[in-house]
$ cat run_4.txt   # compact mmCIF, C-alpha atoms
# COMPACT_ATOMS: atom_id res chain seq x y z
CA MET A 16 -14.33 -16.62 -36.00
CA THR A 17 -13.27 -13.48 -34.21
CA GLU A 18 -11.45 -14.12 -30.99
CA LYS A 19 -12.44 -11.89 -28.09
CA THR A 20 -9.30 -10.27 -26.80
CA GLN A 21 -8.26 -7.71 -24.25
CA ALA A 22 -7.93 -5.19 -27.06
CA HIS A 23 -11.50 -3.97 -26.60
CA HIS A 24 -10.59 -2.78 -23.11
CA HIS A 25 -10.98 0.81 -22.22
CA ILE A 26 -7.76 2.69 -22.94
CA LEU A 27 -7.67 5.87 -20.92
CA PRO A 28 -6.17 9.03 -22.37
CA LEU A 29 -2.79 10.06 -20.95
CA SER A 30 -4.33 13.20 -19.49
CA VAL A 31 -6.39 11.11 -17.04
CA TYR A 32 -3.27 9.49 -15.57
CA PHE A 33 -1.35 12.76 -15.30
CA THR A 34 -4.32 14.61 -13.80
CA ILE A 35 -4.81 11.94 -11.15
CA ALA A 36 -1.08 11.87 -10.31
CA GLY A 37 -1.13 15.68 -10.09
CA ILE A 38 -4.10 15.64 -7.69
CA LEU A 39 -2.33 12.98 -5.60
CA PHE A 40 0.80 15.17 -5.37
CA VAL A 41 -1.23 18.23 -4.37
CA LEU A 42 -3.18 16.26 -1.73
CA THR A 43 0.09 14.90 -0.30
CA ALA A 44 1.39 18.48 0.03
CA VAL A 45 -1.93 19.56 1.61
CA THR A 46 -1.84 16.79 4.20
CA VAL A 47 1.77 17.60 5.15
CA ILE A 48 1.02 21.34 5.46
CA VAL A 49 -2.17 20.82 7.48
CA ALA A 50 -0.28 18.52 9.87
CA GLY A 51 2.02 21.46 10.64
CA PHE A 52 -0.83 23.25 12.43
CA ASP A 53 -2.39 22.00 15.63
CA PHE A 54 -6.15 21.61 15.25
CA GLY A 55 -6.41 18.93 17.93
CA ALA A 56 -8.61 15.99 16.98
CA PHE A 57 -9.43 17.73 13.71
CA ASN A 58 -5.91 16.90 12.45
CA LEU A 59 -6.62 13.16 12.42
CA PHE A 60 -9.92 13.80 10.64
CA VAL A 61 -8.24 15.87 7.91
CA ALA A 62 -5.35 13.39 7.52
CA MET A 63 -7.74 10.44 7.16
CA THR A 64 -10.13 12.27 4.83
CA VAL A 65 -7.24 13.20 2.52
CA ALA A 66 -5.89 9.63 2.67
CA VAL A 67 -9.32 8.19 1.79
CA ILE A 68 -9.64 10.58 -1.17
CA LYS A 69 -6.14 9.68 -2.39
CA GLY A 70 -6.79 5.97 -1.92
CA SER A 71 -10.08 6.20 -3.82
CA LEU A 72 -8.40 7.98 -6.73
CA VAL A 73 -5.71 5.28 -6.93
CA ALA A 74 -8.34 2.51 -6.80
CA LEU A 75 -10.77 4.12 -9.26
CA TYR A 76 -8.32 5.30 -11.92
CA PHE A 77 -4.93 3.59 -11.54
CA MET A 78 -6.58 0.26 -10.65
CA HIS A 79 -9.35 0.89 -13.22
CA LEU A 80 -12.17 0.04 -10.81
CA LYS A 81 -14.23 2.84 -12.32
CA TYR A 82 -14.21 1.13 -15.72
CA ASP A 83 -14.04 -2.54 -14.74
CA ASN A 84 -16.69 -5.04 -13.78
CA LYS A 85 -18.35 -3.68 -10.61
CA LEU A 86 -17.76 -7.06 -8.93
CA TYR A 87 -14.14 -6.14 -8.10
CA GLY A 88 -14.99 -2.78 -6.55
CA THR A 89 -17.83 -4.35 -4.57
CA ALA A 90 -15.47 -6.99 -3.22
CA LEU A 91 -12.95 -4.32 -2.18
CA VAL A 92 -15.62 -2.24 -0.43
CA LEU A 93 -16.90 -5.36 1.35
CA SER A 94 -13.42 -6.11 2.69
CA LEU A 95 -13.18 -2.52 3.95
CA ILE A 96 -16.57 -2.87 5.68
CA PHE A 97 -15.36 -6.02 7.42
CA LEU A 98 -12.19 -4.19 8.40
CA ALA A 99 -14.26 -1.33 9.85
CA ILE A 100 -16.33 -3.80 11.88
CA PHE A 101 -13.17 -5.53 13.09
CA ILE A 102 -11.42 -2.32 14.16
CA GLY A 103 -14.60 -0.60 15.36
CA PHE A 104 -15.72 -3.39 17.68
CA THR A 105 -12.19 -3.96 18.98
CA MET A 106 -12.00 -0.25 19.82
CA LEU A 107 -15.39 -0.34 21.55
CA ASP A 108 -14.06 -3.14 23.69
CA THR A 109 -10.68 -1.73 24.60
CA MET A 110 -11.89 1.86 25.15
CA TYR A 111 -14.94 1.13 27.30
CA ARG A 112 -13.99 -2.08 29.04
CA GLY A 113 -12.85 -0.08 32.09
CA GLU A 114 -16.28 1.40 32.64
CA ILE A 115 -17.65 -1.97 33.67
CA GLU A 116 -14.81 -2.93 35.96
CA SER A 117 -11.72 -0.83 36.53
CA ILE A 118 -8.54 -1.92 34.80
CA GLU A 119 -5.08 -0.69 35.65
CA GLY A 120 -2.66 -0.78 32.73
CA PRO A 121 0.81 -0.59 34.27
CA SER A 122 3.51 1.12 32.21
CA ILE A 123 6.26 -1.03 30.86
CA ASN A 124 9.49 0.69 31.80
CA LYS A 125 13.12 -0.24 32.10
CA GLU A 126 12.60 -1.83 35.50
CA ALA A 127 9.99 -4.12 34.01
CA VAL A 128 10.62 -7.85 33.75
CA ILE A 129 10.84 -7.76 29.96
CA TYR A 130 14.10 -5.77 30.19
CA ASN A 131 15.64 -8.02 32.79
CA GLN A 132 15.14 -11.38 31.13
CA ASP A 133 18.81 -11.71 30.22
CA ASN A 134 19.99 -11.11 33.78
CA MET B 27 -11.47 -33.59 -31.07
CA GLU B 28 -11.21 -30.68 -33.39
CA HIS B 29 -10.96 -27.18 -32.10
CA VAL B 30 -10.64 -23.74 -33.56
CA GLU B 31 -7.24 -22.20 -33.73
CA HIS B 32 -6.56 -20.10 -30.70
CA PRO B 33 -3.70 -17.93 -29.44
CA SER B 34 -0.89 -19.58 -27.48
CA TYR B 35 -1.61 -17.56 -24.34
CA LEU B 36 -5.19 -18.86 -24.12
CA GLN B 37 -5.51 -21.84 -21.76
CA HIS B 38 -7.77 -24.64 -22.94
CA HIS B 39 -10.14 -24.44 -19.99
CA PHE B 40 -11.26 -20.91 -20.90
CA SER B 41 -13.77 -20.26 -23.63
CA ASP B 42 -12.07 -17.11 -24.81
CA ALA B 43 -9.37 -14.59 -23.93
CA GLU B 44 -11.81 -12.22 -22.32
CA GLN B 45 -13.07 -14.86 -19.91
CA GLN B 46 -9.47 -15.78 -19.11
CA ALA B 47 -8.53 -12.16 -18.41
CA GLU B 48 -11.63 -11.55 -16.26
CA THR B 49 -10.96 -14.71 -14.27
CA ALA B 50 -7.37 -13.71 -13.62
CA LYS B 51 -8.52 -10.30 -12.48
CA LEU B 52 -11.11 -11.71 -10.08
CA GLY B 53 -8.47 -14.01 -8.58
CA MET B 54 -6.08 -11.09 -8.23
CA TRP B 55 -8.70 -8.97 -6.47
CA ILE B 56 -9.44 -11.78 -4.03
CA PHE B 57 -5.73 -11.94 -3.26
CA LEU B 58 -5.66 -8.15 -2.77
CA LEU B 59 -8.56 -8.45 -0.31
CA THR B 60 -6.51 -10.85 1.79
CA GLU B 61 -3.74 -8.26 1.71
CA VAL B 62 -6.15 -5.59 2.93
CA LEU B 63 -7.12 -7.86 5.82
CA LEU B 64 -3.48 -8.73 6.56
CA PHE B 65 -2.58 -5.06 6.91
CA GLY B 66 -5.95 -4.50 8.60
CA GLY B 67 -4.76 -6.47 11.62
CA LEU B 68 -1.81 -4.10 11.92
CA PHE B 69 -4.05 -1.04 11.52
CA ALA B 70 -6.13 -2.41 14.43
CA PHE B 71 -2.88 -2.82 16.42
CA TYR B 72 -2.12 0.83 15.63
CA ALA B 73 -5.62 2.12 16.50
CA ILE B 74 -5.72 0.36 19.88
CA TYR B 75 -2.31 1.55 21.07
CA ARG B 76 -2.81 5.07 19.76
CA ALA B 77 -6.12 5.26 21.66
CA TRP B 78 -4.40 4.00 24.79
CA HIS B 79 -1.33 6.25 24.57
CA PRO B 80 -2.26 9.37 22.55
CA GLU B 81 0.45 11.65 24.05
CA MET B 82 3.16 9.03 23.59
CA PHE B 83 2.22 8.72 19.90
CA VAL B 84 2.51 12.48 19.41
CA GLU B 85 5.93 12.60 21.04
CA THR B 86 7.44 9.52 19.36
CA SER B 87 6.01 10.37 15.97
CA SER B 88 7.97 13.64 16.05
CA LEU B 89 11.15 11.53 15.90
CA LEU B 90 10.24 10.43 12.37
CA ASP B 91 11.47 12.58 9.49
CA VAL B 92 8.39 14.04 7.75
CA ASN B 93 10.49 15.17 4.76
CA LEU B 94 11.74 11.66 4.06
CA GLY B 95 8.23 10.25 4.53
CA ALA B 96 6.78 12.83 2.14
CA LEU B 97 9.59 12.20 -0.35
CA ASN B 98 8.78 8.48 -0.30
CA THR B 99 5.09 9.26 -0.80
CA PHE B 100 5.93 11.23 -3.96
CA VAL B 101 8.26 8.44 -5.11
CA LEU B 102 5.58 5.75 -4.69
CA ILE B 103 2.82 7.80 -6.33
CA THR B 104 5.11 8.46 -9.29
CA SER B 105 5.93 4.75 -9.51
CA SER B 106 2.19 3.99 -9.51
CA LEU B 107 1.82 6.42 -12.40
CA THR B 108 4.63 4.82 -14.43
CA MET B 109 3.22 1.35 -13.66
CA ALA B 110 -0.22 2.42 -14.97
CA LEU B 111 1.45 3.97 -18.04
CA SER B 112 3.37 0.75 -18.77
CA ILE B 113 0.03 -1.08 -19.05
CA ARG B 114 -1.41 1.66 -21.23
CA SER B 115 1.64 1.44 -23.52
CA MET B 116 1.12 -2.30 -23.89
CA GLN B 117 -2.56 -1.75 -24.69
CA LEU B 118 -1.30 0.41 -27.55
CA ASN B 119 1.28 -2.22 -28.54
CA ASN B 120 4.16 0.11 -27.74
CA LYS B 121 6.60 -2.44 -26.37
CA LYS B 122 9.56 -0.06 -26.10
CA GLN B 123 7.59 2.38 -23.96
CA THR B 124 6.30 -0.44 -21.76
CA VAL B 125 9.87 -1.56 -21.11
CA TRP B 126 10.92 1.98 -20.21
CA MET B 127 7.98 2.55 -17.92
CA LEU B 128 8.65 -0.72 -16.10
CA VAL B 129 12.35 0.17 -15.72
CA VAL B 130 11.42 3.58 -14.26
CA THR B 131 8.95 1.88 -11.89
CA LEU B 132 11.73 -0.44 -10.72
CA LEU B 133 14.12 2.46 -10.17
CA LEU B 134 11.50 4.37 -8.16
CA ALA B 135 10.82 1.29 -6.04
CA ALA B 136 14.56 1.02 -5.38
CA THR B 137 14.65 4.73 -4.46
CA PHE B 138 11.88 4.10 -1.94
CA LEU B 139 13.92 1.32 -0.34
CA VAL B 140 17.10 3.41 -0.24
CA VAL B 141 15.26 6.21 1.60
CA LYS B 142 13.81 3.59 3.95
CA TYR B 143 17.30 2.21 4.53
CA PHE B 144 18.54 5.63 5.70
CA GLU B 145 15.53 6.03 7.97
CA TYR B 146 15.97 2.57 9.48
CA SER B 147 19.74 2.83 10.02
CA HIS B 148 19.30 6.22 11.71
CA LYS B 149 16.77 4.72 14.13
CA ILE B 150 18.83 1.62 14.77
CA GLU B 151 21.82 3.84 15.59
CA LEU B 152 19.76 5.85 18.11
CA GLY B 153 18.15 2.77 19.66
CA GLN B 154 14.64 3.85 18.64
CA LEU B 155 13.63 0.23 18.30
CA PRO B 156 10.75 -2.13 19.16
CA GLY B 157 10.24 -3.79 22.53
CA HIS B 158 13.25 -4.47 24.68
CA PHE B 159 15.65 -3.39 21.93
CA TYR B 160 14.57 0.17 22.72
CA THR B 161 17.46 2.09 24.31
CA TYR B 162 16.79 5.72 23.32
CA GLU B 163 16.80 8.10 26.31
CA GLY B 164 15.46 11.33 24.82
CA LEU B 165 11.72 10.89 25.49
CA THR B 166 9.65 11.61 28.56
CA SER B 167 6.47 9.66 27.72
CA VAL B 168 5.99 6.08 28.88
CA ASN B 169 6.11 3.04 26.60
CA PRO B 170 7.66 4.73 23.53
CA HIS B 171 8.94 1.34 22.35
CA ILE B 172 5.34 0.42 21.47
CA PHE B 173 5.28 3.09 18.77
CA PHE B 174 8.48 1.71 17.30
CA SER B 175 7.09 -1.84 17.38
CA ILE B 176 4.19 -0.54 15.31
CA TYR B 177 6.42 1.56 13.07
CA PHE B 178 8.84 -1.25 12.26
CA THR B 179 6.14 -3.92 11.85
CA MET B 180 3.98 -1.86 9.53
CA THR B 181 6.73 -0.25 7.43
CA GLY B 182 8.67 -3.53 7.50
CA LEU B 183 5.78 -5.56 6.11
CA HIS B 184 5.17 -2.80 3.57
CA GLY B 185 8.88 -2.84 2.67
CA ILE B 186 8.74 -6.61 2.10
CA HIS B 187 5.84 -5.95 -0.28
CA VAL B 188 7.96 -3.41 -2.16
CA VAL B 189 10.78 -5.96 -2.51
CA LEU B 190 8.37 -8.66 -3.74
CA GLY B 191 6.81 -6.12 -6.09
CA MET B 192 10.24 -5.37 -7.57
CA ILE B 193 10.80 -9.08 -8.19
CA VAL B 194 7.45 -9.42 -9.96
CA ILE B 195 7.95 -6.21 -11.97
CA GLY B 196 11.40 -7.52 -12.97
CA TRP B 197 9.77 -10.76 -14.11
CA VAL B 198 7.15 -9.04 -16.31
CA LEU B 199 9.90 -6.74 -17.61
CA VAL B 200 11.89 -9.76 -18.80
CA ARG B 201 8.77 -11.29 -20.34
CA THR B 202 7.94 -8.01 -22.08
CA ILE B 203 11.46 -7.90 -23.56
CA LYS B 204 11.00 -11.53 -24.68
CA ASP B 205 7.87 -10.48 -26.63
CA ASP B 206 5.47 -12.50 -24.48
CA PHE B 207 2.94 -9.68 -24.42
CA SER B 208 0.98 -7.60 -26.90
CA SER B 209 -2.15 -5.48 -26.96
CA GLU B 210 -4.01 -8.82 -27.23
CA TYR B 211 -2.52 -10.27 -24.06
CA TYR B 212 -0.90 -8.39 -21.19
CA THR B 213 -2.69 -9.88 -18.15
CA PRO B 214 0.51 -10.48 -16.09
CA ILE B 215 1.52 -6.80 -16.40
CA GLU B 216 -2.01 -5.73 -15.48
CA MET B 217 -2.05 -8.00 -12.39
CA THR B 218 1.39 -6.76 -11.34
CA GLY B 219 0.02 -3.23 -11.68
CA LEU B 220 -2.93 -4.00 -9.40
CA TYR B 221 -0.54 -5.37 -6.77
CA TRP B 222 1.79 -2.37 -7.10
CA HIS B 223 -1.07 0.12 -6.73
CA LEU B 224 -2.17 -1.66 -3.54
CA VAL B 225 1.36 -1.26 -2.14
CA ASP B 226 1.04 2.46 -2.97
CA LEU B 227 -2.44 2.60 -1.42
CA ILE B 228 -1.23 1.12 1.88
CA TRP B 229 1.60 3.66 2.03
CA ILE B 230 -0.94 6.46 1.45
CA PHE B 231 -2.47 5.47 4.80
CA LEU B 232 0.78 4.61 6.61
CA PHE B 233 2.36 7.99 5.88
CA PRO B 234 -0.13 10.26 7.70
CA LEU B 235 -0.76 7.73 10.48
CA LEU B 236 2.91 7.32 11.35
CA TYR B 237 4.59 10.58 10.31
CA LEU B 238 1.92 13.26 10.66
CA ILE B 239 0.63 12.95 14.20
CA GLY B 240 0.10 16.04 16.28
$ encode --input "run_4.txt" --output "structure tokens"
Amino acid sequence: MTEKTQAHHHILPLSVYFTIAGILFVLTAVTVIVAGFDFGAFNLFVAMTVAVIKGSLVALYFMHLKYDNKLYGTALVLSLIFLAIFIGFTMLDTMYRGEIESIEGPSINKEAVIYNQDN
Amino acid sequence: MEHVEHPSYLQHHFSDAEQQAETAKLGMWIFLLTEVLLFGGLFAFYAIYRAWHPEMFVETSSLLDVNLGALNTFVLITSSLTMALSIRSMQLNNKKQTVWMLVVTLLLAATFLVVKYFEYSHKIELGQLPGHFYTYEGLTSVNPHIFFSIYFTMTGLHGIHVVLGMIVIGWVLVRTIKDDFSSEYYTPIEMTGLYWHLVDLIWIFLFPLLYLIG
């Protein structure tokens, strides 16, 4: 009987790993350089887009999601969707709460109680 | 009961090595999802306070050293590469190369922590610290200590993951040297790799969010 082993797994050529690492290095340089210029809100958009591309490359190639059972990738994407719902709805709450009834958020400064607890 | 001869690494409750490997991988991915959600809480923490205090984030973020952050990004990406290569070497039964790649990964992880140590000690010296430990005087915006609470919580939890990763990589390194693995069976190295890439992935998001604001 022939035992099924891991040996049949997809072995990627070295060039794939080095290409992906090279792209990751270039994208890191790009994100640092772009951050040096002030594009306002566009900066955050660029920084996050680059981070998502880098993250996807790591997940697809280094973590082999591209070649593995699609179940793992699906599970990862699902967790990210839940995370987006979690952060998105929390942001909707905290950013627009004040439009229903006004909320004053006092600054915490050095005269605040938290700094004087030891006294 | 009679059973067919099977390799020592194959547990009895699995029908074959492939099923065992796939099961381990599914379990590992479920663990990684809990990690995503663990850090997700902190990313929500970050998003809320940045939305509340955008100017303060711009000013405090400028106190972080972008060069050191970028250096650490390169270090972690390189360590992810060597980790992936260590698995590839084992798939090709090249034990010596696997050992070397794991050693390099460990050294890069240590480099990351050394850089982090210099960053932390610099901030501790200046009093750029969370909550009521904050004593730095050089900023005009209100509530700068909130940024440092976020900075130290997120990079601290990430740093703990790097330390744990080093322990696990050290463990698979010892097992590799002891000939526990071959191209037939290398699941522990593969799982360690998945964990290590996640640590890299989280840093890929932490770096721009903390160091590259404004």
$ closest_residue --input "run_4.txt" --among "B:Pro33, B:Gly95, B:Gly53, B:Gly196" --to "Val130 in chain B" --atoms "all atoms listed in the file"
B:Gly196
$ atom_distance --input "run_4.txt" --atom1 "CA of Phe173 in chain B" --atom2 "CA of Trp222 in chain B"
26.7 Å
$ interface_residues --input "run_4.txt" --of "chain B" --to "chain A" --cutoff "7 Å" --atoms "all atoms listed in the file" --output "MDAnalysis selection string"
chainID B and resid 42:44 52 55 59 63 66 70 74 100 103 107 110 114 117 158 168:169 209:211 220 223 227 230:231 234 238 240
$ residues_around --input "run_4.txt" --residues "Ile176 in chain B" --least-positions-apart "3" --cutoff "8 Å" --atoms "only C-alpha atoms" --output "list in words"
Leu68, Phe71, Tyr72, Pro156, Ile172, Phe173, Thr179 and Met180 of chain B
$ atom_distance --input "run_4.txt" --atom1 "CA of Leu128 in chain B" --atom2 "CA of Glu216 in chain B"
11.8 Å
$ closest_residue --input "run_4.txt" --among "B:Leu111, B:Leu139, B:Leu155, B:Ala96" --to "Leu232 in chain B" --atoms "only C-alpha atoms"
B:Ala96
$ atom_distance --input "run_4.txt" --atom1 "CA of Gly182 in chain B" --atom2 "CA of Val129 in chain B"
23.8 Å
$ residues_around --input "run_4.txt" --residues "Phe144 in chain B" --least-positions-apart "5" --cutoff "12 Å" --atoms "all atoms listed in the file" --output "MDAnalysis selection string"
chainID B and resid 90:91 94:95 98 137:139 149:151
$ write_last_selection --input "run_4.txt" --atoms "C-alpha atoms" --output "short mmCIF file (atom, residue, chain, number, x, y, z; two decimals), in the frame of the given file"
data_model
loop_
_atom_site.label_atom_id
_atom_site.label_comp_id
_atom_site.auth_asym_id
_atom_site.auth_seq_id
_atom_site.Cartn_x
_atom_site.Cartn_y
_atom_site.Cartn_z
CA LEU B 90 10.24 10.43 12.37
CA ASP B 91 11.47 12.58 9.49
CA LEU B 94 11.74 11.66 4.06
CA GLY B 95 8.23 10.25 4.53
CA ASN B 98 8.78 8.48 -0.30
CA THR B 137 14.65 4.73 -4.46
CA PHE B 138 11.88 4.10 -1.94
CA LEU B 139 13.92 1.32 -0.34
CA LYS B 149 16.77 4.72 14.13
CA ILE B 150 18.83 1.62 14.77
CA GLU B 151 21.82 3.84 15.59
#
